[in-house]
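Working notes, structure below.
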Amino acid sequence: MTELTVRRDVPAPRPRVDLSTRLAGRTFPNPVFTASGCAAAGQELDQFFDITELGGVVTKSIMLAPRSGRATPRMAETPSGMLNSIGLQGPGIDAFLDKDLAWLADRGARAVVSIAGGSVEDYTQLAQRLRGAPGLAMLEVNISCPNVEDRGQVFACDPRAASEVVSAVRKTMTPDIPVFAKLSPDVTDITAIARACVDAGADGLSVINTLLGMAIDTDTMRPVLAGVTGGLSGPAIRPVAVRCVWQVHQALPDVPILGMGGIRTGRDALEFVLAGASAVSVGTTVFGDPMAPVRVLAELAQALADRGFERFSDAVGLAHRPPEAALPEGPDPVGDPA
Amino acid sequence: MTELTVRRDVPAPRPRVDLSTRLAGRTFPNPVFTASGCAAAGQELDQFFDITELGGVVTKSIMLAPRSGRATPRMAETPSGMLNSIGLQGPGIDAFLDKDLAWLADRGARAVVSIAGGSVEDYTQLAQRLRGAPGLAMLEVNISCPNVEDRGQVFACDPRAASEVVSAVRKTMTPDIPVFAKLSPDVTDITAIARACVDAGADGLSVINTLLGMAIDTDTMRPVLAGVTGGLSGPAIRPVAVRCVWQVHQALPDVPILGMGGIRTGRDALEFVLAGASAVSVGTTVFGDPMAPVRVLAELAQALADRGFERFSDAVGLAHRPPEAALPEGPDPVGDPA
Amino acid sequence: MPVQVLGEILSIRKVGAYQAVTVVAPGIAELYRPGHFVAVQVGGPESSMLLRRAFAIYDVQSRGVYGGTVQFVFSVHGKGTEWLSHRKPQDKIDVVGPLGKPFRLPTTPVRATLVGGGYGSAPLLPLAVALRERGCTVDFVLGAGSADKLFGQLDAKRLAGVIAVTTDDGSAGERGRVSDVLPQVLERTNSDVVYACGPMAMLRAVTEIATARGITAQVAVEESMACGIGVCMTCVLPVRGEDDVTRMVRSCVEGPVFLGDRVRWDDVGTVPADALGAPTGGH
Amino acid sequence: MPVQVLGEILSIRKVGAYQAVTVVAPGIAELYRPGHFVAVQVGGPESSMLLRRAFAIYDVQSRGVYGGTVQFVFSVHGKGTEWLSHRKPQDKIDVVGPLGKPFRLPTTPVRATLVGGGYGSAPLLPLAVALRERGCTVDFVLGAGSADKLFGQLDAKRLAGVIAVTTDDGSAGERGRVSDVLPQVLERTNSDVVYACGPMAMLRAVTEIATARGITAQVAVEESMACGIGVCMTCVLPVRGEDDVTRMVRSCVEGPVFLGDRVRWDDVGTVPADALGAPTGGH
Ligand SMILES: Cc1cc2nc3c(=O)[nH]c(=O)nc-3n(C[C@H](O)[C@H](O)[C@H](O)COP(=O)(O)OP(=O)(O)OC[C@H]3O[C@@H](n4cnc5c(N)ncnc54)[C@H](O)[C@@H]3O)c2cc1C
Ligand SMILES: Cc1cc2nc3c(=O)[nH]c(=O)nc-3n(C[C@H](O)[C@H](O)[C@H](O)COP(=O)(O)OP(=O)(O)OC[C@H]3O[C@@H](n4cnc5c(N)ncnc54)[C@H](O)[C@@H]3O)c2cc1C
Ligand SMILES: Cc1cc2nc3c(=O)[nH]c(=O)nc-3n(C[C@H](O)[C@H](O)[C@H](O)COP(=O)(O)O)c2cc1C
Ligand SMILES: Cc1cc2nc3c(=O)[nH]c(=O)nc-3n(C[C@H](O)[C@H](O)[C@H](O)COP(=O)(O)O)c2cc1C
Ligand code: FES
Ligand code: FES
């Protein structure tokens with residue numbers, strides 16, 4: 001007979017691992033989230049699985065005003081990755097609050113709202129508008145945006161600029177909402193930016209945003225993307241993302257990390273967790289596999305159970321243990337699977 | 001009947017395109033080279049094809065003294081890429097001159113010797129030893145090395161350190177030998193490093209070296225590589241490499257670029273050329289396909305012929321032409337292939 | 001509500017320059033309406049290709065031993081469709097569907113002209129069936145580069161009052177484009193409405209011809225898509241809304257079927273300056 | 001000189017826990033000697049897997065309608081071998097070979113014990129044939145985790161004087177490891193030389209046993225390889241040279257066969273401090 005995988009039908013037998021995770025002050029039921037810009041505001045994916053099953057739903061970065069985004073083509077498929085140059089198309093904060101966030105709150109999802117701006121003032125106003133918004137569980141500050149007041153210099157590439165944005169947002173947002181700064185890998189020293197953000201009050205860090213890349217159409221002999229360059233994402237960048245999580249966790253072991261970049265399976269998610277992530281976002285993989293977030297969650301739970309973990313949190317950063325250190329009670333490295 | 005591809009048998013009917021390329025003062029018969037560390041010193045590949053057919057053979061970065069390299073595991077396969085952490089294993093400059101370079105000279109190949117060191121003095125001495133060495137066609141300065149005199153800060157990540165190395169090498173090497181500085185993509189602004197190298201006397205730039213990455217073994221729950229982090233290469237990084245070539249060519253249009261990063265086909269090579277590379281290196285692809293360099297050369301020649309180019313050099317940087325600019329005499333964008 | 005199904009290929013056969021694939025996919029047939037599409041994973045588990053490929057649904061069966069099948073027709077374009085063309089019966093593929101907004105059907109029995117370019121006629125054939133079930137009269141204009149790229153001519157003949165065929169090279173029907181013969185067909189049939197699917201340039205020409213006659217054209221566009229389900233924002237084009245405001249709308253969820261005269265054809269591939277949220281000086 | 005060949009698979013069949021693949025690959029048989037290996041591309045043209053997989057050659061045929069074939073035996077380990085296990089006759093795979101340094105054969109007719117672990121016995125069978133052609137007497141010790149992972153037992157019986165079999169779980173032969181029975185076999189046969197192929201721990205134990213008896217062991221190691229042809233430097237292990245200097249040598253070109261007592265078993269996976277060019281304080 002033919003084998004079928006149909007949505008919703010599989011309430012995966014969840015192994016008995018405590019999957020809850022604390023991100024700064026807040027506890028989430030599990031560590032698997034969507035990634036900003038890869039799940040819109042959750043409604044479309046909710047057709048495929050119950051989005052409240054996820055730890056959180058990270059929304060597409062929202063700006064103050066409605067925004068058309070860039071011209072097309074906006075994407076190019078690349079080996080094990082893709083380039084995108086959307087240009088932060090979105091409805092603006094007002095419509096977002098009215099429709100998207102309201103829907104998420106109604107639905108009972110934990111909304112992680114990503115905000116983006118062109119100036120410190122933009123970010124501050126966004127945080128202002130989001131203060132006390134129902135359904136808001138966490139704020140992610142997308143600082144991979146050009147600073148219109150500084151010749152388009154990207155905030156995330158300059159410790160001072162990053163710090164100003166984060167500090168303004170942290171001061172504006174109520175203390176109960178964790179504020180995460182999202183780091184760009186396109187810097188010489190990601191730990192320097194990480195430190196600047198944390199010193200400025202970031203409660204945690206999202207690691208990583210896309211890498212700057214481009215593709216050239218060898219037929220038209222011009223750049224493929226209307227925006228010329230774009231952001232590279234997907235499994236291709238996973239080794240860079242894992243390295244960034246590792247470095248940031250090593251530099252700032254007490255700061256919670258939301259890790260992402262090319263996660264396709266529970267095994268991939270575990271790689272980020274062992275490197276130091278307290279939660280993960282599944283991004284580009286959703287485009288090829290809409291059910292990926294819940295699948296990754298089930299696979300991660302299984303992988304943890306297989307290794308003898310009783311609590312997800314025991315796995316966070318475990319790959320940093322010194323060479324001959326014993327594993328915590330329970331976990332065992334997996335031997336030859338044969 | 002079964003179809004076969006056997007080495008040497010295929011003196012590919014080379015389309016009538018002038019493939020020669022000038023890199024600083026020197027003319028090479030064609031623009032396809034090997035990549036440093038991906039072809040040893042040419043002897044092994046010469047079993048599969050005639051290495052004198054390539055524009056040049058870029059040798060594994062050589063240091064002053066013999067060097068054991070790092071412990072194993074030294075590699076991990078990643079989606080459309082691989083991580084390596086070899087640690088610059090090599091025989092040292094003396095044995096290299098005696099055996100490797102002598103063999104290349106004898107064989108009639110154009111040797112591009114890559115040098116690496118831990119201090120400006122190391123690089124200077126290497127250049128000194130290579131002065132007047134028979135067979136030497138060009139020097140590639142691998143500055144992605146930790147500076148032992150500056151807390152292991154990588155030369156390629158600091159304009160001043162990069163500049164010092166390049167300037168010392170350029171002063172030491174005879175003027176007839178082009179000196180190329182090889183750039184790392186792991187920097188906030190690659191054009192700043194490019195400019196520093198060129199101001200210090202670099203005749204050209206090799207773009208790019210590997211990206212810093214890592215992988216974690218989810219069974220042992222430790223880093224896969226003995227060296228913890230490693231260099232990411234292969235098609236996965238191609239969009240980053242093309243972007244770097246594009247940015248450097250845009251910033252310094254008169255500086256020749258040896259482009260590399262994930263080239264697998266002639267089409268890929270053309271992407272680099274259109275972005276601004278005057279020659280390309282085929283690296284990681286060789287591991288999966290030893291005959292790749294000559295295949296890429298044949299495919300590139302064909303791709304140029306298909307587009308109406310009579311001279312390879314007319315394609316260099318062509319994707320930068322302004323939106324409505326006419327193409328040079330000859331070339332035509334390729335229409336719908338159907 | 002679309003479903004994601006890993007289904008077995010029942011058949012894959014050559015039809016002229018195309019291949020038609022039938023795959024087991026329960027849950028799609030039940031919700032299907034003409035104009036819907038599916039998005040298919042390509043390349044297998046260790047593939048370097050991450051994104052789905054979109055194909056218009058040509059046929060569905062909701063019953064039978066397989067509990068539901070869906071059929072689509074494709075031509076080899078790049079790496080993903082190349083891979084698809086090597087699939088064999090019993091291989092499995094992962095399909096998401098039905099996706100998109102289907103063609104809207106008239107509530108009264110009108111006369112409709114269906115214009116298909118290349119494989120674009122595939123979704124028009126089930127549309128013709130649906131229209132006839134509502135008592136409409138259907139006429140077809142089919143065009144392609146050459147005879148082997150015409151799809152569904154026989155089916156169309158069975159379903160249609162009038163059928164006109166064009167090919168660019170004259171290897172079948174009249175030499176020329178569908179837009180060359182469409183005015184005469186509309187004249188002759190006095191159609192109330194036009195439906196079209198095919199290349200963007202064709203859709204634009206069809207829209208202009210229909211609009212000039214004061215009738216509406218519903219067109220199914222083909223924009224490059226990364227997700228097909230509305231979450232990535234790669235597939236946008238400028239469309240004027242009922243409030244007359246132009247927005248960059250997602251063709252995968254707000255399309256692929258649009259009213260032709262709402263699409264800003266001149267501006268496809270750009271962001272018109274008067275679009276909602278269009279860049280103002282600053283960026 | 002190795003060749004790179006895109007050859008058709010003639011057969012792929014299950015042998016216990018393994019699969020044996022025969023592929024058309026002219027040019028390999030002519031140069032082949034026992035101990036050589038091939039490196040195979042996996043995953044197809046759009047695969048995300050870039051690196052070749054290494055397999056010891058089990059058999060070659062230089063004549064026949066196919067103009068040369070090569071056979072190897074593999075177990076599914078990860079993604080690449082998983083892919084390989086789904087190949088069918090007539091599929092094509094890209095093979096490079098013969099690679100590496102083969103076993104050295106004695107110039108006089110000695111008595112040799114061949115020790116194989118799991119699929120490690122595959123290259124030992126043609127070695128046994130070659131040894132016998134030189135008038136040697138051959139004995140076999142074969143071991144594996146369980147009976148289905150023993151390879152070549154029947155062939156070995158045909159070729160050998162003595163054959164001893166062990167499995168970890170006792171499902172065939174004696175329960176235990178090859179190193180448990182090897183001393184008795186060497187005692188009984190009074191072998192002049194040992195050849196071994198299998199897991200690193202086994203090779204180490206075999207070397208120790210042989211060395212203790214004052215006889216040489218030639219062992220074929222298995223190190224993780226990216227290229228298989230000597231250009232990447234990923235496959236190194238510390239080996240003492242004839243000048244007594246330890247070097248990190250490439251197991252793909254200077255091996256995979258080494259004299260067991262030259263391999264620094266304690267230090268495999270590290271760079272011994274006395275190795276040529278080993279880091280000194282600085283790094
Ligand atoms: C709504 C819709 C319906 C379609 N119906 C059909 C059909 O019935 N039959 C058919 O043959 N083709 C159809 N297409 C086009 C088909 O999707 C593309 O030919 C196919 O995606 C190309 O994939 P590839 O791997 O061969 O090309 P590649 O160039 O390798 O594709 C790379 C990426 O670009 C995207 N892409 C490239 N070209 C297109 C395109 N024209 N449209 C959308 N995405 C594209 C792919 O999805 C993929 O993500 C339809 C497209 C859309 C949007
Ligand atoms: C000289 C030699 C001879 C071999 N002979 C045989 C044989 O006859 N039969 C057999 O079943 N296996 C043999 N192996 C082991 C075989 O190469 C690995 O099992 C195989 O490469 C694993 O590939 P994978 O895609 O399944 O695993 P993955 O883990 O996905 O492989 C990832 C990468 O690591 C490399 N790698 C992983 N494990 C090994 C390993 N053990 N040895 C070398 N490279 C590895 C792969 O080549 C690939 O590049 C041999 C290895 C060597 C070095
Ligand atoms: C189409 C697309 C749109 C994205 N939009 C945003 C965005 O609006 N804000 C943001 O912070 N990150 C955005 N990202 C980055 C992702 O959130 C994520 O950081 C990155 O893609 C790496 O994860 P992945 O490889 O799992 O996709 C976007 C990524 C993609 C592919
Ligand atoms: C195994 C390996 C070893 C390398 N060794 C060197 C080296 O010694 N010196 C150097 O400049 N680059 C070295 N590189 C980097 C390559 O020359 C090249 O810049 C990079 O791999 C990107 O190209 P590719 O994707 O085609 O491999 C090495 C790369 C690999 C994969
Ligand atoms: S294809 Fe992703 S939103 Fe339309
Ligand atoms: S595997 Fe590349 S040198 Fe041995």
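A note on labels: chains of the structure tokens are A, B, ... as shown, every chain counts residues from 1, and ligands are counted from 1 in their shown order.
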
Pull out every residue of chain D sitting within 12 Å of chain A, counting only C-alpha atoms, and send them as a list in words.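 Listing them in order of chain and number gives Ala17, Pro45, Glu46, Ser47, Ser48, Met49, Leu50, Ser75, Val76, His77, Gly78, Ala144, Gly145, Ser146 and Lys149 of chain D.
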
Store the residues picked out above, limited to N, CA and C atoms, as a CSV table (one decimal), in the first residue's frame.
chain,number,residue,atom,x,y,z
D,17,ALA,N,24.8,-8.7,5.6
D,17,ALA,CA,24.4,-7.3,6.0
D,17,ALA,C,25.0,-6.3,4.9
D,45,PRO,N,23.6,14.3,-9.7
D,45,PRO,CA,24.2,15.6,-10.1
D,45,PRO,C,23.8,16.8,-9.2
D,46,GLU,N,22.6,16.8,-8.6
D,46,GLU,CA,22.2,18.0,-7.8
D,46,GLU,C,22.3,17.6,-6.3
D,47,SER,N,23.2,16.7,-6.0
D,47,SER,CA,23.3,16.3,-4.6
D,47,SER,C,24.0,17.3,-3.7
D,48,SER,N,23.6,17.3,-2.5
D,48,SER,CA,24.3,18.2,-1.5
D,48,SER,C,25.6,17.5,-1.0
D,49,MET,N,25.9,16.3,-1.4
D,49,MET,CA,27.1,15.6,-0.9
D,49,MET,C,28.2,15.7,-2.0
D,50,LEU,N,29.3,16.4,-1.6
D,50,LEU,CA,30.3,16.7,-2.6
D,50,LEU,C,31.4,15.7,-2.6
D,75,SER,N,28.7,-1.5,3.4
D,75,SER,CA,27.5,-1.5,4.4
D,75,SER,C,27.0,-0.1,4.4
D,76,VAL,N,25.7,0.1,4.7
D,76,VAL,CA,25.2,1.4,4.9
D,76,VAL,C,25.6,2.0,6.2
D,77,HIS,N,26.3,3.2,6.1
D,77,HIS,CA,26.8,3.8,7.2
D,77,HIS,C,26.1,5.2,7.4
D,78,GLY,N,26.2,6.0,6.4
D,78,GLY,CA,25.6,7.3,6.5
D,78,GLY,C,24.8,7.6,5.2
D,144,ALA,N,33.4,-10.6,13.1
D,144,ALA,CA,32.4,-9.5,12.8
D,144,ALA,C,31.5,-9.5,14.1
D,145,GLY,N,30.7,-8.5,14.1
D,145,GLY,CA,29.7,-8.3,15.2
D,145,GLY,C,28.8,-9.5,15.3
D,146,SER,N,28.3,-9.9,14.1
D,146,SER,CA,27.3,-11.0,14.1
D,146,SER,C,27.5,-11.8,12.8
D,149,LYS,N,27.3,-10.2,9.4
D,149,LYS,CA,28.4,-9.2,9.0
D,149,LYS,C,29.7,-9.9,8.7

Could you please extract the residues within 7 Å of ligand 1, counting only C-alpha atoms and all ligand atoms, and hand them back as a PyMOL selection string? (chain A and resi 76-77) or (chain C and resi 37+51-57+72-82+119-120+122+221-226+252+256)

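Residues of chain A lying within 6 Å of chain B, counting only C-alpha atoms, are Pro79, Ser80, Asp186, Val187, Thr188, Gly213, Met214, Ala215, Ile216, Asp219, Thr220, Met221, Arg222, Pro235, Ala236, Pro239, Val240, Arg243, Glu271, Ala319, Pro333 and Val334 of chain A.
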
Using N, CA, C and O atoms, can you export the residues from the last selection as a PDB file, in the first residue's frame?
ATOM      1  N   PRO A  79      23.010  26.352  -4.155  1.00  0.00           N
ATOM      2  CA  PRO A  79      23.243  25.001  -3.636  1.00  0.00           C
ATOM      3  C   PRO A  79      22.971  24.892  -2.124  1.00  0.00           C
ATOM      4  O   PRO A  79      23.620  25.554  -1.325  1.00  0.00           O
ATOM      5  N   SER A  80      21.980  24.105  -1.776  1.00  0.00           N
ATOM      6  CA  SER A  80      21.542  23.914  -0.387  1.00  0.00           C
ATOM      7  C   SER A  80      21.178  25.226   0.303  1.00  0.00           C
ATOM      8  O   SER A  80      21.247  25.324   1.537  1.00  0.00           O
ATOM      9  N   ASP A 186      27.811  38.746   9.199  1.00  0.00           N
ATOM     10  CA  ASP A 186      28.714  39.450   8.272  1.00  0.00           C
ATOM     11  C   ASP A 186      29.583  40.465   8.979  1.00  0.00           C
ATOM     12  O   ASP A 186      29.659  41.631   8.566  1.00  0.00           O
ATOM     13  N   VAL A 187      30.238  40.023  10.033  1.00  0.00           N
ATOM     14  CA  VAL A 187      31.093  40.927  10.794  1.00  0.00           C
ATOM     15  C   VAL A 187      32.393  40.205  11.127  1.00  0.00           C
ATOM     16  O   VAL A 187      32.449  38.975  11.149  1.00  0.00           O
ATOM     17  N   THR A 188      33.409  40.991  11.397  1.00  0.00           N
ATOM     18  CA  THR A 188      34.720  40.417  11.704  1.00  0.00           C
ATOM     19  C   THR A 188      34.692  39.684  13.042  1.00  0.00           C
ATOM     20  O   THR A 188      35.298  38.630  13.187  1.00  0.00           O
ATOM     21  N   GLY A 213      24.920  37.706   0.100  1.00  0.00           N
ATOM     22  CA  GLY A 213      25.371  36.939  -1.054  1.00  0.00           C
ATOM     23  C   GLY A 213      24.800  37.500  -2.333  1.00  0.00           C
ATOM     24  O   GLY A 213      24.018  38.449  -2.313  1.00  0.00           O
ATOM     25  N   MET A 214      25.193  36.916  -3.435  1.00  0.00           N
ATOM     26  CA  MET A 214      24.557  37.305  -4.693  1.00  0.00           C
ATOM     27  C   MET A 214      24.731  36.215  -5.740  1.00  0.00           C
ATOM     28  O   MET A 214      25.545  35.301  -5.596  1.00  0.00           O
ATOM     29  N   ALA A 215      23.925  36.306  -6.768  1.00  0.00           N
ATOM     30  CA  ALA A 215      24.015  35.367  -7.882  1.00  0.00           C
ATOM     31  C   ALA A 215      23.910  36.161  -9.164  1.00  0.00           C
ATOM     32  O   ALA A 215      23.258  37.208  -9.208  1.00  0.00           O
ATOM     33  N   ILE A 216      24.590  35.659 -10.195  1.00  0.00           N
ATOM     34  CA  ILE A 216      24.524  36.331 -11.484  1.00  0.00           C
ATOM     35  C   ILE A 216      23.887  35.397 -12.496  1.00  0.00           C
ATOM     36  O   ILE A 216      24.219  34.208 -12.550  1.00  0.00           O
ATOM     37  N   ASP A 219      22.739  34.031 -18.304  1.00  0.00           N
ATOM     38  CA  ASP A 219      22.089  34.273 -19.592  1.00  0.00           C
ATOM     39  C   ASP A 219      21.929  35.770 -19.850  1.00  0.00           C
ATOM     40  O   ASP A 219      22.413  36.289 -20.847  1.00  0.00           O
ATOM     41  N   THR A 220      21.297  36.465 -18.891  1.00  0.00           N
ATOM     42  CA  THR A 220      21.167  37.921 -19.074  1.00  0.00           C
ATOM     43  C   THR A 220      22.486  38.630 -18.769  1.00  0.00           C
ATOM     44  O   THR A 220      22.659  39.783 -19.117  1.00  0.00           O
ATOM     45  N   MET A 221      23.401  37.926 -18.085  1.00  0.00           N
ATOM     46  CA  MET A 221      24.682  38.486 -17.676  1.00  0.00           C
ATOM     47  C   MET A 221      24.499  39.712 -16.772  1.00  0.00           C
ATOM     48  O   MET A 221      25.219  40.710 -16.892  1.00  0.00           O
ATOM     49  N   ARG A 222      23.535  39.594 -15.874  1.00  0.00           N
ATOM     50  CA  ARG A 222      23.283  40.612 -14.854  1.00  0.00           C
ATOM     51  C   ARG A 222      22.968  39.902 -13.539  1.00  0.00           C
ATOM     52  O   ARG A 222      22.662  38.720 -13.533  1.00  0.00           O
ATOM     53  N   PRO A 235      20.413  25.307   4.683  1.00  0.00           N
ATOM     54  CA  PRO A 235      21.453  24.409   5.208  1.00  0.00           C
ATOM     55  C   PRO A 235      22.875  24.787   4.798  1.00  0.00           C
ATOM     56  O   PRO A 235      23.826  24.498   5.530  1.00  0.00           O
ATOM     57  N   ALA A 236      23.030  25.437   3.654  1.00  0.00           N
ATOM     58  CA  ALA A 236      24.362  25.863   3.205  1.00  0.00           C
ATOM     59  C   ALA A 236      25.080  26.655   4.287  1.00  0.00           C
ATOM     60  O   ALA A 236      26.303  26.554   4.434  1.00  0.00           O
ATOM     61  N   PRO A 239      26.926  25.556   8.957  1.00  0.00           N
ATOM     62  CA  PRO A 239      28.216  25.546   9.671  1.00  0.00           C
ATOM     63  C   PRO A 239      28.620  26.936  10.165  1.00  0.00           C
ATOM     64  O   PRO A 239      29.238  27.049  11.222  1.00  0.00           O
ATOM     65  N   VAL A 240      28.276  27.973   9.430  1.00  0.00           N
ATOM     66  CA  VAL A 240      28.592  29.334   9.875  1.00  0.00           C
ATOM     67  C   VAL A 240      27.720  29.692  11.080  1.00  0.00           C
ATOM     68  O   VAL A 240      28.193  30.262  12.071  1.00  0.00           O
ATOM     69  N   ARG A 243      28.865  27.874  14.199  1.00  0.00           N
ATOM     70  CA  ARG A 243      30.081  28.530  14.688  1.00  0.00           C
ATOM     71  C   ARG A 243      29.739  29.833  15.439  1.00  0.00           C
ATOM     72  O   ARG A 243      30.309  30.112  16.495  1.00  0.00           O
ATOM     73  N   GLU A 271      22.320  20.169  17.147  1.00  0.00           N
ATOM     74  CA  GLU A 271      23.652  20.744  16.933  1.00  0.00           C
ATOM     75  C   GLU A 271      23.708  22.174  17.508  1.00  0.00           C
ATOM     76  O   GLU A 271      24.660  22.548  18.199  1.00  0.00           O
ATOM     77  N   ALA A 319      28.270  20.816  24.294  1.00  0.00           N
ATOM     78  CA  ALA A 319      29.479  20.543  23.501  1.00  0.00           C
ATOM     79  C   ALA A 319      30.671  21.372  23.962  1.00  0.00           C
ATOM     80  O   ALA A 319      31.797  21.135  23.535  1.00  0.00           O
ATOM     81  N   PRO A 333      26.707   9.688  25.211  1.00  0.00           N
ATOM     82  CA  PRO A 333      26.990   9.819  23.781  1.00  0.00           C
ATOM     83  C   PRO A 333      26.456   8.560  23.103  1.00  0.00           C
ATOM     84  O   PRO A 333      26.487   7.477  23.685  1.00  0.00           O
ATOM     85  N   VAL A 334      25.953   8.737  21.907  1.00  0.00           N
ATOM     86  CA  VAL A 334      25.398   7.595  21.202  1.00  0.00           C
ATOM     87  C   VAL A 334      26.527   6.818  20.546  1.00  0.00           C
ATOM     88  O   VAL A 334      27.383   7.398  19.884  1.00  0.00           O
TER      89      VAL A 334
END

Report as number ranges by chain which protein, DNA and RNA residues come within 7 Å of ligand 5, using only C-alpha atoms and all ligand atoms. C: 225-236, 250-253

Name the residues in contact with Ala279 (chain B) at a cut-off of 7 Å, using only C-alpha atoms, excluding same-chain residues fewer than 3 positions from it; report them as a PyMOL selection string. chain B and resi 31-32+257-259

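The closest residue to chain C, picked from D:Tyr58, D:Tyr32, D:Trp83, D:Phe140 and counting only C-alpha atoms, is D:Trp83.
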
With distances taken over only C-alpha atoms, which of C:Asp59, C:Glu242, C:Glu30, C:Asp91 is nearest to chain D?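 Using only C-alpha atoms, chain D sits closest to C:Asp91.
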
Between CA of Asp18 (chain A) and CA of Ser278 (chain A), what is the distance, to one decimal in Å? 13.2 Å

So, with only C-alpha atoms and all ligand atoms as the atoms that count, which of B:Ala196, B:Ala39, B:Ala105, B:Leu126 lies closest to ligand 6?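 Answer, going by the shortest atom-to-atom distance: B:Ala39.
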
Please report as a Markdown table every residue of chain B lying within 9 Å of ligand 6, along with the nearest atom pair and their distance in Å (one decimal), using only C-alpha atoms and all ligand atoms.
| residue | atom | partner | partner_atom_place_in_ligand_line | distance |
| --- | --- | --- | --- | --- |
| B:Cys38 | CA | ligand 6 | 2 (Fe) | 8.8 |
| B:Ala40 | CA | ligand 6 | 3 (S) | 8.6 |
| B:Phe287 | CA | ligand 6 | 2 (Fe) | 7.2 |

Please write the residues from the selection above to a file, keeping N, CA and C atoms, as a short mmCIF file (atom, residue, chain, number, x, y, z; two decimals), in the first residue's frame.
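That gives us out-v1.cif:
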data_model
loop_
_atom_site.label_atom_id
_atom_site.label_comp_id
_atom_site.auth_asym_id
_atom_site.auth_seq_id
_atom_site.Cartn_x
_atom_site.Cartn_y
_atom_site.Cartn_z
N CYS B 38 43.87 22.57 -2.46
CA CYS B 38 42.93 21.64 -3.07
C CYS B 38 43.57 20.88 -4.23
N ALA B 40 47.28 20.06 -3.85
CA ALA B 40 48.64 19.82 -3.39
C ALA B 40 49.59 20.64 -4.26
N PHE B 287 37.90 17.46 -5.13
CA PHE B 287 37.86 16.28 -4.27
C PHE B 287 36.83 15.28 -4.77
#

CA of Val169 (chain A) to atom 25 (O, counted along the ligand's line) of ligand 3: how many Å, to one decimal? 25.7 Å

What's around Ser62 (chain D) at 7 Å? Count only C-alpha atoms, leave out sequence neighbours fewer than 5 positions away in its own chain, and write the answer as a list in words.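 Residues meeting the cut-off are Ala29, Glu30, Gly67, Gly68 and Thr69 of chain D.
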
Near Asp176 (chain A), counting only C-alpha atoms, which residues have an atom at most 12 Å away, once you skip same-chain residues fewer than 6 positions from it, shown as a ChimeraX atom specification? /A:23-27,131-133,136-139,170,203

Could you pull out the strand (DSSP E) residues of region 172-272 of chain D from DSSP and send them as a list in words?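 Selection result, strand (DSSP E) within region 172-272 of chain D: Glu174, Arg175, Val193, Val194, Tyr195, Ala196, Cys197, Thr216, Ala217, Gln218, Val219, Ala220, Val236, Leu237, Pro238, Val239, Arg240, Thr246, Arg247, Met248, Val249, Arg250, Val257, Phe258 and Leu259 of chain D.
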
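Each of B:Gln47, B:Gln153, B:Thr34, B:Thr285 was compared to Leu99 (chain D) using only C-alpha atoms, and B:Gln47 turns out to be the nearest.
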
Tell me, in Å to one decimal, how far CA of Leu154 (chain D) is from CA of Gln19 (chain D).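 Distance between the two atoms: 16.4 Å.
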